[in-house]
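Coordinates from upload_2.csv are shown below (CSV, C-alpha atoms).
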chain,number,residue,atom,x,y,z
T,9,MET,CA,88.4,184.1,-2.9
T,10,MET,CA,86.5,183.5,-6.1
T,11,THR,CA,86.7,180.1,-7.7
T,12,PRO,CA,89.6,180.1,-10.2
T,13,GLY,CA,88.4,179.8,-13.7
T,14,SER,CA,84.7,180.3,-13.0
T,15,HIS,CA,85.2,183.5,-11.0
T,16,HIS,CA,82.1,182.8,-8.9
T,17,LEU,CA,81.7,182.7,-5.2
T,18,THR,CA,83.1,179.5,-3.6
T,19,ASN,CA,81.0,177.3,-1.4
T,20,ASP,CA,82.9,178.5,1.7
T,21,GLN,CA,82.3,182.1,0.8
T,22,PHE,CA,78.7,181.5,0.1
T,23,THR,CA,78.2,179.5,3.3
T,24,GLU,CA,80.1,182.0,5.4
T,25,MET,CA,78.0,184.8,4.1
T,26,ILE,CA,74.8,183.0,5.0
T,27,VAL,CA,76.0,181.8,8.4
T,28,THR,CA,77.3,185.1,9.6
T,29,GLY,CA,75.0,187.3,7.6
T,30,VAL,CA,78.0,189.5,6.9
T,31,ILE,CA,79.1,190.1,3.3
T,32,ASP,CA,82.7,191.1,3.0
T,33,GLU,CA,84.0,193.7,0.6
T,34,ALA,CA,85.2,191.2,-2.0
T,35,CYS,CA,82.0,189.3,-2.0
T,36,GLU,CA,79.9,192.4,-2.2
T,37,LYS,CA,81.9,193.6,-5.2
T,38,HIS,CA,81.5,190.2,-6.9
T,39,LEU,CA,77.8,190.0,-6.2
T,40,ALA,CA,77.3,193.5,-7.6
T,41,GLY,CA,78.7,192.3,-10.9
T,42,CYS,CA,77.7,188.6,-11.1
T,43,GLU,CA,74.0,187.9,-11.8
T,44,LEU,CA,74.4,184.2,-11.4
T,45,CYS,CA,75.7,184.3,-7.9
T,46,ARG,CA,73.1,186.9,-7.0
T,47,GLU,CA,70.4,184.7,-8.3
T,48,GLU,CA,71.7,181.7,-6.5
T,49,LEU,CA,71.8,183.7,-3.2
T,50,THR,CA,68.3,184.9,-3.8
T,51,ALA,CA,67.1,181.4,-4.8
T,52,PHE,CA,68.6,179.9,-1.6
T,53,SER,CA,67.0,182.6,0.6
T,54,ASP,CA,63.6,182.3,-1.1
T,55,SER,CA,63.6,178.5,-0.9
T,56,VAL,CA,64.5,178.4,2.8
T,57,GLY,CA,62.0,181.2,3.5
T,58,LEU,CA,59.3,179.2,1.7
T,59,PHE,CA,60.1,176.1,3.7
T,60,SER,CA,59.9,178.2,7.0
T,61,THR,CA,56.6,179.8,6.1
T,62,THR,CA,55.0,176.5,4.9
T,63,SER,CA,56.3,174.5,7.8
T,64,LEU,CA,54.9,177.0,10.3
T,65,ALA,CA,51.5,177.0,8.5
T,66,TRP,CA,51.6,173.1,8.6
T,67,SER,CA,52.4,173.2,12.3
T,68,GLU,CA,49.6,175.8,13.1
T,69,SER,CA,47.1,173.5,11.3
T,70,LYS,CA,47.7,170.7,13.8
T,71,PRO,CA,45.0,170.9,16.5
T,72,ALA,CA,46.3,171.4,20.0
T,73,GLU,CA,45.0,169.3,22.8
T,74,SER,CA,44.3,171.3,25.9
T,75,LEU,CA,47.4,171.1,28.2
T,76,ARG,CA,45.2,170.7,31.2
T,77,VAL,CA,43.6,167.7,29.7
T,78,ALA,CA,47.0,166.4,28.7
T,79,ALA,CA,48.2,166.9,32.3
T,80,HIS,CA,45.2,165.1,33.6
T,81,LYS,CA,45.8,162.3,31.2
T,82,GLN,CA,49.5,162.1,32.3
T,83,VAL,CA,48.4,161.9,35.9
T,84,ARG,CA,45.8,159.2,35.1
T,85,ARG,CA,48.4,157.3,33.1
T,86,ALA,CA,50.8,157.4,36.0
T,87,VAL,CA,48.1,156.0,38.3
T,88,TYR,CA,46.2,153.7,36.0
T,89,VAL,CA,49.0,151.9,34.3
T,90,PRO,CA,50.4,150.4,37.6
T,91,LEU,CA,46.8,149.8,38.7
T,92,ARG,CA,46.0,147.9,35.5
T,93,TRP,CA,49.1,145.7,36.1
T,94,ALA,CA,48.1,145.1,39.6
T,95,VAL,CA,44.5,144.1,38.6
T,96,ALA,CA,45.9,141.8,35.9
T,97,ALA,CA,48.3,140.2,38.4
T,98,ALA,CA,45.4,139.7,40.8
T,99,VAL,CA,43.2,138.1,38.1
T,100,VAL,CA,46.1,135.7,37.2
T,101,ILE,CA,46.7,134.8,40.8
T,102,GLY,CA,42.9,134.5,41.4
T,103,VAL,CA,42.6,132.0,38.6
T,104,ALA,CA,45.9,130.2,39.2
T,105,ILE,CA,45.3,129.4,42.9
T,106,PRO,CA,41.9,127.7,42.5
T,107,VAL,CA,43.1,125.8,39.5
T,108,TRP,CA,46.2,124.6,41.5
T,109,ASN,CA,44.0,123.9,44.5
T,110,TYR,CA,41.6,121.9,42.4
T,111,ASP,CA,44.4,119.8,40.9
T,112,HIS,CA,46.0,119.3,44.3
T,113,ARG,CA,42.7,118.2,45.9
T,114,ALA,CA,41.9,115.9,43.1
T,115,THR,CA,45.3,114.2,43.6
T,116,ILE,CA,44.8,113.9,47.3
T,117,THR,CA,41.3,112.4,46.8
T,118,ALA,CA,42.6,109.9,44.2
T,119,VAL,CA,45.3,108.7,46.6
T,120,ALA,CA,42.8,108.5,49.5
T,121,ASP,CA,40.3,106.5,47.3
T,122,ALA,CA,43.1,104.1,46.3
T,123,ALA,CA,44.0,103.6,50.0
T,124,ALA,CA,40.3,103.1,50.9
T,125,ALA,CA,39.9,100.5,48.1
T,126,THR,CA,42.7,98.3,49.5
T,127,SER,CA,41.6,98.4,53.2
T,128,ASP,CA,38.2,97.0,54.4
T,129,SER,CA,36.0,98.5,57.0
T,130,PRO,CA,35.7,96.9,60.5
T,131,ALA,CA,32.2,95.8,59.7
T,132,GLU,CA,33.4,93.9,56.6
T,133,ILE,CA,36.2,92.3,58.7
T,134,ALA,CA,33.7,91.2,61.3
T,135,GLN,CA,31.4,89.8,58.6
T,136,ASP,CA,34.3,87.8,57.2
T,137,ASN,CA,35.2,86.5,60.6
T,138,GLN,CA,31.7,85.4,61.2
T,139,LEU,CA,31.7,83.5,57.9
T,140,LEU,CA,34.9,81.7,58.8
T,141,GLN,CA,33.6,80.7,62.2
T,142,SER,CA,30.5,79.2,60.6
T,143,VAL,CA,32.8,77.2,58.3
T,144,ASN,CA,34.6,75.9,61.4
T,145,VAL,CA,31.4,75.0,63.0
T,146,ALA,CA,30.3,73.1,60.0
T,147,LEU,CA,33.6,71.2,59.8
T,148,SER,CA,33.6,70.3,63.5
T,149,THR,CA,30.2,68.6,63.3
T,150,GLU,CA,31.7,66.0,60.9
T,151,GLU,CA,30.1,62.8,60.0
T,152,SER,CA,31.6,59.5,61.3
T,153,SER,CA,34.5,58.3,59.2
T,154,PRO,CA,34.2,54.8,57.6
T,155,LEU,CA,37.9,54.2,58.5
T,156,PRO,CA,37.3,53.0,62.1
T,157,GLU,CA,34.6,50.7,60.8
T,158,TYR,CA,37.1,48.8,58.7
T,159,ARG,CA,39.8,49.1,61.5
T,160,LEU,CA,42.1,51.0,59.3
T,161,LEU,CA,42.9,53.6,61.9
T,162,ASP,CA,45.7,53.5,64.6
T,163,ASP,CA,44.9,54.8,68.1
T,164,SER,CA,47.2,57.6,67.5
T,165,ASP,CA,45.3,58.5,64.5
T,166,VAL,CA,42.1,58.5,66.4
T,167,SER,CA,43.4,60.5,69.3
T,168,GLY,CA,45.6,62.9,67.2
T,169,ARG,CA,43.2,63.4,64.4
T,170,SER,CA,42.5,67.0,63.7
T,171,SER,CA,40.6,68.6,61.0
T,172,PRO,CA,42.1,71.4,59.1
T,173,ARG,CA,40.6,74.6,60.3
T,174,PRO,CA,40.7,77.9,58.6
T,175,ASP,CA,42.2,80.6,60.8
T,176,SER,CA,40.1,83.5,61.8
T,177,ARG,CA,40.9,86.7,60.1
T,178,ARG,CA,42.8,89.2,62.0
T,179,GLN,CA,42.1,92.8,61.8
L,2,MET,CA,70.1,189.7,29.8
L,3,ILE,CA,66.6,190.7,30.8
L,4,GLY,CA,65.8,193.3,33.4
L,5,GLN,CA,64.1,192.5,36.7
L,6,GLY,CA,60.8,194.1,35.6
L,7,ALA,CA,60.8,192.2,32.4
L,8,ALA,CA,61.7,189.0,34.2
L,9,VAL,CA,58.6,189.4,36.5
L,10,SER,CA,56.4,189.9,33.4
L,11,ILE,CA,57.9,186.8,31.8
L,12,ILE,CA,57.2,184.7,35.0
L,13,THR,CA,53.6,186.0,34.9
L,14,GLU,CA,53.5,185.0,31.2
L,15,LEU,CA,54.7,181.5,32.1
L,16,ASP,CA,52.0,181.2,34.8
L,17,ASP,CA,49.3,181.4,32.1
L,18,ILE,CA,49.8,178.0,30.5
L,19,ASP,CA,47.1,178.4,27.9
L,20,ALA,CA,48.6,181.7,26.7
L,21,LEU,CA,52.0,180.0,26.6
L,22,VAL,CA,50.7,177.2,24.4
L,23,ARG,CA,48.8,179.6,22.2
L,24,LEU,CA,51.9,181.7,21.6
L,25,TYR,CA,54.6,179.1,21.2
L,26,ARG,CA,53.1,175.7,20.4
L,27,ALA,CA,53.3,176.0,16.6
L,28,ARG,CA,56.9,177.0,16.7
L,29,VAL,CA,57.9,174.4,19.1
L,30,LEU,CA,56.0,171.7,17.2
L,31,ARG,CA,57.6,172.7,13.9
L,32,TYR,CA,61.0,172.7,15.5
L,33,VAL,CA,60.5,169.2,17.1
L,34,ALA,CA,58.7,167.7,14.1
L,35,PHE,CA,61.4,168.7,11.6
L,36,SER,CA,64.2,167.9,13.9
L,37,ILE,CA,63.1,164.3,14.5
L,38,GLY,CA,61.1,163.8,11.3
L,39,ASP,CA,58.2,162.2,13.1
L,40,HIS,CA,54.9,164.1,13.4
L,41,ASP,CA,53.2,161.9,16.1
L,42,LEU,CA,56.2,161.8,18.3
L,43,ALA,CA,56.7,165.6,17.8
L,44,GLU,CA,53.1,166.2,19.2
L,45,THR,CA,53.9,164.2,22.3
L,46,ILE,CA,57.3,165.9,22.8
L,47,THR,CA,55.8,169.3,22.3
L,48,GLN,CA,53.1,168.6,24.9
L,49,ASP,CA,55.7,167.3,27.4
L,50,CYS,CA,57.8,170.3,26.7
L,51,PHE,CA,55.0,172.7,27.8
L,52,LEU,CA,54.2,170.6,30.8
L,53,LYS,CA,57.8,170.6,31.8
L,54,ALA,CA,58.1,174.4,31.2
L,55,TYR,CA,55.0,175.0,33.3
L,56,SER,CA,56.1,172.8,36.2
L,57,GLY,CA,59.6,174.3,36.1
L,58,ARG,CA,58.7,177.9,35.5
L,59,ALA,CA,60.1,178.9,38.8
L,60,THR,CA,63.6,177.9,37.6
L,61,PHE,CA,63.4,180.3,34.6
L,62,ARG,CA,65.7,183.2,35.3
L,63,GLY,CA,65.1,185.3,32.3
L,64,GLU,CA,68.6,184.7,30.9
L,65,CYS,CA,67.1,184.2,27.4
L,66,ALA,CA,63.9,184.6,25.5
L,67,VAL,CA,61.0,182.3,26.5
L,68,SER,CA,61.1,180.7,23.1
L,69,THR,CA,64.8,179.9,23.4
L,70,TRP,CA,64.1,178.4,26.9
L,71,LEU,CA,61.3,176.3,25.4
L,72,PHE,CA,63.6,175.1,22.6
L,73,SER,CA,66.2,174.1,25.1
L,74,ILE,CA,63.6,172.0,27.0
L,75,ALA,CA,62.4,170.5,23.7
L,76,ASN,CA,66.0,169.7,22.9
L,77,ASN,CA,66.5,167.7,26.1
L,78,LEU,CA,63.3,165.8,25.4
L,79,ILE,CA,64.4,165.1,21.8
L,80,ARG,CA,67.8,163.9,23.1
L,81,ASP,CA,66.1,161.5,25.6
L,82,GLN,CA,63.8,160.3,22.9
L,83,LEU,CA,66.6,159.6,20.4
L,84,ARG,CA,68.3,157.3,22.9
L,85,THR,CA,65.3,155.0,23.2
L,86,GLN,CA,65.0,151.8,21.1
L,87,LYS,CA,61.4,152.6,20.5
L,88,PHE,CA,62.3,155.7,18.5
L,89,HIS,CA,64.8,153.8,16.3
L,90,PHE,CA,62.1,151.2,15.6
L,91,TRP,CA,59.5,153.8,14.6
L,92,ARG,CA,62.1,155.7,12.6
L,93,ARG,CA,62.8,152.5,10.6
L,94,ALA,CA,59.1,152.0,10.2
L,95,ARG,CA,58.6,155.6,9.3
L,96,ALA,CA,54.9,155.3,9.9
L,97,THR,CA,54.3,158.9,10.9
L,98,SER,CA,56.9,160.8,8.9
L,99,ILE,CA,56.0,164.3,7.6
L,100,ASP,CA,54.5,164.2,4.2
L,101,VAL,CA,55.9,166.7,1.8
L,102,HIS,CA,52.8,166.7,-0.3
L,103,GLU,CA,50.6,167.4,2.7
L,104,MET,CA,53.0,170.3,3.6
L,105,ALA,CA,52.8,171.6,0.1
L,106,SER,CA,49.1,172.3,0.6
L,107,PHE,CA,50.1,175.0,3.1
L,108,LEU,CA,52.1,176.9,0.5
L,109,PRO,CA,51.2,180.6,0.7
L,110,ASN,CA,48.8,181.4,-2.0
L,111,CYS,CA,49.8,184.8,-3.4
L,112,GLU,CA,47.6,184.8,-6.5
L,113,SER,CA,50.6,183.6,-8.3
L,114,SER,CA,50.7,182.0,-11.8
L,115,ALA,CA,50.6,178.3,-12.3
L,116,GLU,CA,54.2,178.4,-13.2
L,117,THR,CA,55.3,180.3,-10.1
L,118,SER,CA,53.2,178.0,-8.0
L,119,MET,CA,54.8,174.9,-9.5
L,120,LEU,CA,58.2,176.4,-9.0
L,121,ALA,CA,57.4,177.1,-5.3
L,122,ARG,CA,56.3,173.4,-4.9
L,123,GLU,CA,59.4,172.2,-6.5
L,124,ARG,CA,61.6,174.4,-4.2
L,125,LEU,CA,59.7,173.3,-1.2
L,126,ARG,CA,60.1,169.6,-2.1
L,127,LEU,CA,63.9,170.0,-2.7
L,128,VAL,CA,64.4,171.8,0.6
L,129,SER,CA,62.3,169.3,2.5
L,130,GLU,CA,64.2,166.4,1.0
L,131,ALA,CA,67.5,168.0,1.8
L,132,VAL,CA,66.4,168.7,5.4
L,133,GLU,CA,65.3,165.1,5.8
L,134,LYS,CA,68.7,163.9,4.8
L,135,LEU,CA,70.6,166.1,7.3
L,136,SER,CA,71.7,164.8,10.7
L,137,VAL,CA,69.5,165.6,13.6
L,138,ASN,CA,71.9,168.2,14.9
L,139,GLN,CA,72.2,169.8,11.5
L,140,ARG,CA,68.4,169.9,11.2
L,141,LYS,CA,68.1,171.5,14.7
L,142,VAL,CA,70.6,174.2,13.9
L,143,PHE,CA,69.2,174.8,10.5
L,144,ILE,CA,65.6,175.3,11.7
L,145,MET,CA,66.7,177.5,14.6
L,146,LYS,CA,68.7,179.7,12.3
L,147,PHE,CA,66.4,180.0,9.3
L,148,SER,CA,62.9,179.3,10.6
L,149,GLU,CA,63.3,180.6,14.2
L,150,GLU,CA,65.8,183.2,13.1
L,151,LEU,CA,67.8,182.8,16.3
L,152,GLU,CA,71.3,184.2,16.8
L,153,LEU,CA,74.1,181.7,16.7
L,154,SER,CA,74.7,182.3,20.5
L,155,GLU,CA,71.1,181.6,21.2
L,156,ILE,CA,71.3,178.4,19.2
L,157,ALA,CA,74.4,177.4,21.1
L,158,PHE,CA,72.5,178.1,24.4
L,159,ALA,CA,69.3,176.2,23.3
L,160,THR,CA,71.2,173.2,22.0
L,161,GLY,CA,74.0,173.1,24.6
L,162,MET,CA,76.6,173.0,21.8
L,163,PRO,CA,79.7,175.1,21.6
L,164,LEU,CA,79.4,178.0,19.1
L,165,ASN,CA,81.9,176.6,16.7
L,166,THR,CA,80.0,173.3,16.6
L,167,VAL,CA,76.9,175.2,15.8
L,168,LYS,CA,78.7,177.0,12.9
L,169,THR,CA,80.0,173.7,11.6
L,170,HIS,CA,76.6,172.0,11.6
L,171,LEU,CA,75.1,175.1,9.9
L,172,ARG,CA,77.8,175.2,7.2
L,173,ARG,CA,77.2,171.5,6.4
L,174,ALA,CA,73.4,172.0,6.3
L,175,ILE,CA,73.7,175.0,4.0
L,176,SER,CA,76.1,173.1,1.7
L,177,ALA,CA,73.7,170.2,1.5
L,178,ILE,CA,70.7,172.3,0.8
L,179,ARG,CA,72.5,174.4,-1.7
L,180,ALA,CA,73.7,171.2,-3.5
L,181,LYS,CA,70.1,169.9,-3.6
L,182,LEU,CA,68.8,173.2,-5.0
L,183,GLY,CA,71.6,173.1,-7.6
L,184,GLU,CA,70.2,169.8,-8.9
L,185,ARG,CA,67.3,171.7,-10.3
L,186,SER,CA,69.3,174.2,-12.3
Output the structure of this file as structure tokens.
Amino acid sequence: MMTPGSHHLTNDQFTEMIVTGVIDEACEKHLAGCELCREELTAFSDSVGLFSTTSLAWSESKPAESLRVAAHKQVRRAVYVPLRWAVAAAVVIGVAIPVWNYDHRATITAVADAAAATSDSPAEIAQDNQLLQSVNVALSTEESSPLPEYRLLDDSDVSGRSSPRPDSRRQ
Amino acid sequence: MIGQGAAVSIITELDDIDALVRLYRARVLRYVAFSIGDHDLAETITQDCFLKAYSGRATFRGECAVSTWLFSIANNLIRDQLRTQKFHFWRRARATSIDVHEMASFLPNCESSAETSMLARERLRLVSEAVEKLSVNQRKVFIMKFSEELELSEIAFATGMPLNTVKTHLRRAISAIRAKLGERS
């Protein structure tokens, strides 16, 4: 069917002609007598042909990488990518463990030092005991009190008198 | 259908990977590049297409031409690529889309006048712009029909689409390109 009024090929007729490559009798007759439709068909065909030729030339100009090289690269990619991840993971673990260990050890040492600071060594304890004993000895060799001289003391005071003694330090 | 003798010669042809690439690479690259509109990605897909074809050459039964078989492999790769998020990202970025001006430098030089040359450039620009605006399926069908000159049944085989779907895509593509070319006149 021609377009009413314009008497040119319809879009459907035009498209069908190009898709199937078959020109029916009515279209053929019309094309024979209509320069405008003929020109449009030629312009379409030329433009699409130009696109095809140019796009192929463009495609041919693109350098091709050897497929053997590409295949090798693909194999290498398949091997090296997981390998790289494994190495990265190993490095992270290799760094993280010593850092963690160092921190952990530092904490343990700090706690141990604090504990050591609060407790004395046996030698120090023995030294302290020795000092206390010498204090005791010094106190026991006391000078005579002036109280008996003035008869101010009871008997009980004399017999029960005891000097305050520092206790020895226990370990 | 291809005869047994012909099938044997095709299998031999497929065994020579370098010859296969030499013979079909430009066509496959063009098909992929203009289907997806990304040159860099097209290179990768084309390479993968030949590697797949070579490794699966034993499965080729000679039901169609080698080029049609290669296009069907390329089609599967394009479909896989279109599904990925990465493709959509790069498509939005359009970092490696095909440059019409670059393509125009490959226009055939037929000792034509400056006016004819300008007209050819303009036509190329219009068709390229129209093709770019088509859907992926319309582009595939359009290139197979007009650039590869495949039969509709071959296009249906290569794309895995029913024949009527191929025709529908082709009609829409032709209408869009015709409308674009009509803008000039």
Restrict the distance test to all atoms listed in the file, flag each residue of chain L within 8 Å of chain T, and return the flagged residues as a ChimeraX atom specification.
/L:18-19,22,27-28,30-31,48,51-52,104-105,107-109,121,124-125,128-129,144,147-148,168,171-172,175-176,179,182
Quick one: write out the picked residues with C-alpha atoms as a PDB file, in the frame of the given file?
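Generated file (selection-v5.pdb):
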ATOM      1  CA  ILE L  18      49.800 178.000  30.500  1.00  0.00           C
ATOM      2  CA  ASP L  19      47.100 178.400  27.900  1.00  0.00           C
ATOM      3  CA  VAL L  22      50.700 177.200  24.400  1.00  0.00           C
ATOM      4  CA  ALA L  27      53.300 176.000  16.600  1.00  0.00           C
ATOM      5  CA  ARG L  28      56.900 177.000  16.700  1.00  0.00           C
ATOM      6  CA  LEU L  30      56.000 171.700  17.200  1.00  0.00           C
ATOM      7  CA  ARG L  31      57.600 172.700  13.900  1.00  0.00           C
ATOM      8  CA  GLN L  48      53.100 168.600  24.900  1.00  0.00           C
ATOM      9  CA  PHE L  51      55.000 172.700  27.800  1.00  0.00           C
ATOM     10  CA  LEU L  52      54.200 170.600  30.800  1.00  0.00           C
ATOM     11  CA  MET L 104      53.000 170.300   3.600  1.00  0.00           C
ATOM     12  CA  ALA L 105      52.800 171.600   0.100  1.00  0.00           C
ATOM     13  CA  PHE L 107      50.100 175.000   3.100  1.00  0.00           C
ATOM     14  CA  LEU L 108      52.100 176.900   0.500  1.00  0.00           C
ATOM     15  CA  PRO L 109      51.200 180.600   0.700  1.00  0.00           C
ATOM     16  CA  ALA L 121      57.400 177.100  -5.300  1.00  0.00           C
ATOM     17  CA  ARG L 124      61.600 174.400  -4.200  1.00  0.00           C
ATOM     18  CA  LEU L 125      59.700 173.300  -1.200  1.00  0.00           C
ATOM     19  CA  VAL L 128      64.400 171.800   0.600  1.00  0.00           C
ATOM     20  CA  SER L 129      62.300 169.300   2.500  1.00  0.00           C
ATOM     21  CA  ILE L 144      65.600 175.300  11.700  1.00  0.00           C
ATOM     22  CA  PHE L 147      66.400 180.000   9.300  1.00  0.00           C
ATOM     23  CA  SER L 148      62.900 179.300  10.600  1.00  0.00           C
ATOM     24  CA  LYS L 168      78.700 177.000  12.900  1.00  0.00           C
ATOM     25  CA  LEU L 171      75.100 175.100   9.900  1.00  0.00           C
ATOM     26  CA  ARG L 172      77.800 175.200   7.200  1.00  0.00           C
ATOM     27  CA  ILE L 175      73.700 175.000   4.000  1.00  0.00           C
ATOM     28  CA  SER L 176      76.100 173.100   1.700  1.00  0.00           C
ATOM     29  CA  ARG L 179      72.500 174.400  -1.700  1.00  0.00           C
ATOM     30  CA  LEU L 182      68.800 173.200  -5.000  1.00  0.00           C
TER      31      LEU L 182
END
With a distance cut-off of 9 Å and all atoms listed in the file, select the neighbouring residues of His170 of chain L, excluding the residue or stretch itself and same-chain residues fewer than 5 positions from it, and output the selection as a PyMOL selection string.
chain L and resi 136+138-140+142-143+165+175
Restrict the selected residues to C-alpha atoms and save them as a PDB file, in the coordinates of the input.
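What landed in out11.pdb:
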ATOM      1  CA  SER L 136      71.700 164.800  10.700  1.00  0.00           C
ATOM      2  CA  ASN L 138      71.900 168.200  14.900  1.00  0.00           C
ATOM      3  CA  GLN L 139      72.200 169.800  11.500  1.00  0.00           C
ATOM      4  CA  ARG L 140      68.400 169.900  11.200  1.00  0.00           C
ATOM      5  CA  VAL L 142      70.600 174.200  13.900  1.00  0.00           C
ATOM      6  CA  PHE L 143      69.200 174.800  10.500  1.00  0.00           C
ATOM      7  CA  ASN L 165      81.900 176.600  16.700  1.00  0.00           C
ATOM      8  CA  ILE L 175      73.700 175.000   4.000  1.00  0.00           C
TER       9      ILE L 175
END
I want to know what sits within 7 Å of Cys50 of chain L, based on all atoms listed in the file, with residues of the same chain fewer than 3 positions away left out; could you give that as a PDB file with C-alpha atoms, in the coordinates of the input?
ATOM      1  CA  ILE L  46      57.300 165.900  22.800  1.00  0.00           C
ATOM      2  CA  THR L  47      55.800 169.300  22.300  1.00  0.00           C
ATOM      3  CA  LYS L  53      57.800 170.600  31.800  1.00  0.00           C
ATOM      4  CA  ALA L  54      58.100 174.400  31.200  1.00  0.00           C
ATOM      5  CA  ILE L  74      63.600 172.000  27.000  1.00  0.00           C
ATOM      6  CA  ALA L  75      62.400 170.500  23.700  1.00  0.00           C
TER       7      ALA L  75
END
What would segment 18-47 of chain L look like if you wrote it out as an mmCIF file, in the first residue's frame, with C-alpha atoms included, from the block I just posted?
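Listing of result18.cif after writing:
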data_model
loop_
_atom_site.group_PDB
_atom_site.id
_atom_site.type_symbol
_atom_site.label_atom_id
_atom_site.label_comp_id
_atom_site.auth_asym_id
_atom_site.auth_seq_id
_atom_site.Cartn_x
_atom_site.Cartn_y
_atom_site.Cartn_z
ATOM 1 C CA ILE L 18 44.304 -21.156 15.496
ATOM 2 C CA ASP L 19 46.484 -18.503 13.860
ATOM 3 C CA ALA L 20 44.740 -18.916 10.516
ATOM 4 C CA LEU L 21 41.383 -18.796 12.257
ATOM 5 C CA VAL L 22 42.249 -15.520 13.922
ATOM 6 C CA ARG L 23 43.688 -14.081 10.735
ATOM 7 C CA LEU L 24 40.570 -14.952 8.801
ATOM 8 C CA TYR L 25 37.801 -13.986 11.185
ATOM 9 C CA ARG L 26 39.162 -11.680 13.893
ATOM 10 C CA ALA L 27 38.270 -8.363 12.242
ATOM 11 C CA ARG L 28 34.699 -9.475 11.584
ATOM 12 C CA VAL L 29 34.164 -10.847 15.071
ATOM 13 C CA LEU L 30 35.736 -7.755 16.627
ATOM 14 C CA ARG L 31 33.498 -5.460 14.567
ATOM 15 C CA TYR L 32 30.435 -7.468 15.486
ATOM 16 C CA VAL L 33 31.226 -7.433 19.206
ATOM 17 C CA ALA L 34 32.442 -3.815 19.281
ATOM 18 C CA PHE L 35 29.340 -2.406 17.615
ATOM 19 C CA SER L 36 27.008 -4.697 19.525
ATOM 20 C CA ILE L 37 28.201 -3.582 22.939
ATOM 21 C CA GLY L 38 29.605 -0.180 21.962
ATOM 22 C CA ASP L 39 32.829 -0.644 23.913
ATOM 23 C CA HIS L 40 36.098 -1.124 22.083
ATOM 24 C CA ASP L 41 38.282 -2.387 24.959
ATOM 25 C CA LEU L 42 35.737 -4.881 26.157
ATOM 26 C CA ALA L 43 35.192 -6.008 22.570
ATOM 27 C CA GLU L 44 38.902 -6.871 22.273
ATOM 28 C CA THR L 45 38.712 -9.051 25.371
ATOM 29 C CA ILE L 46 35.502 -10.765 24.261
ATOM 30 C CA THR L 47 36.900 -11.386 20.777
#
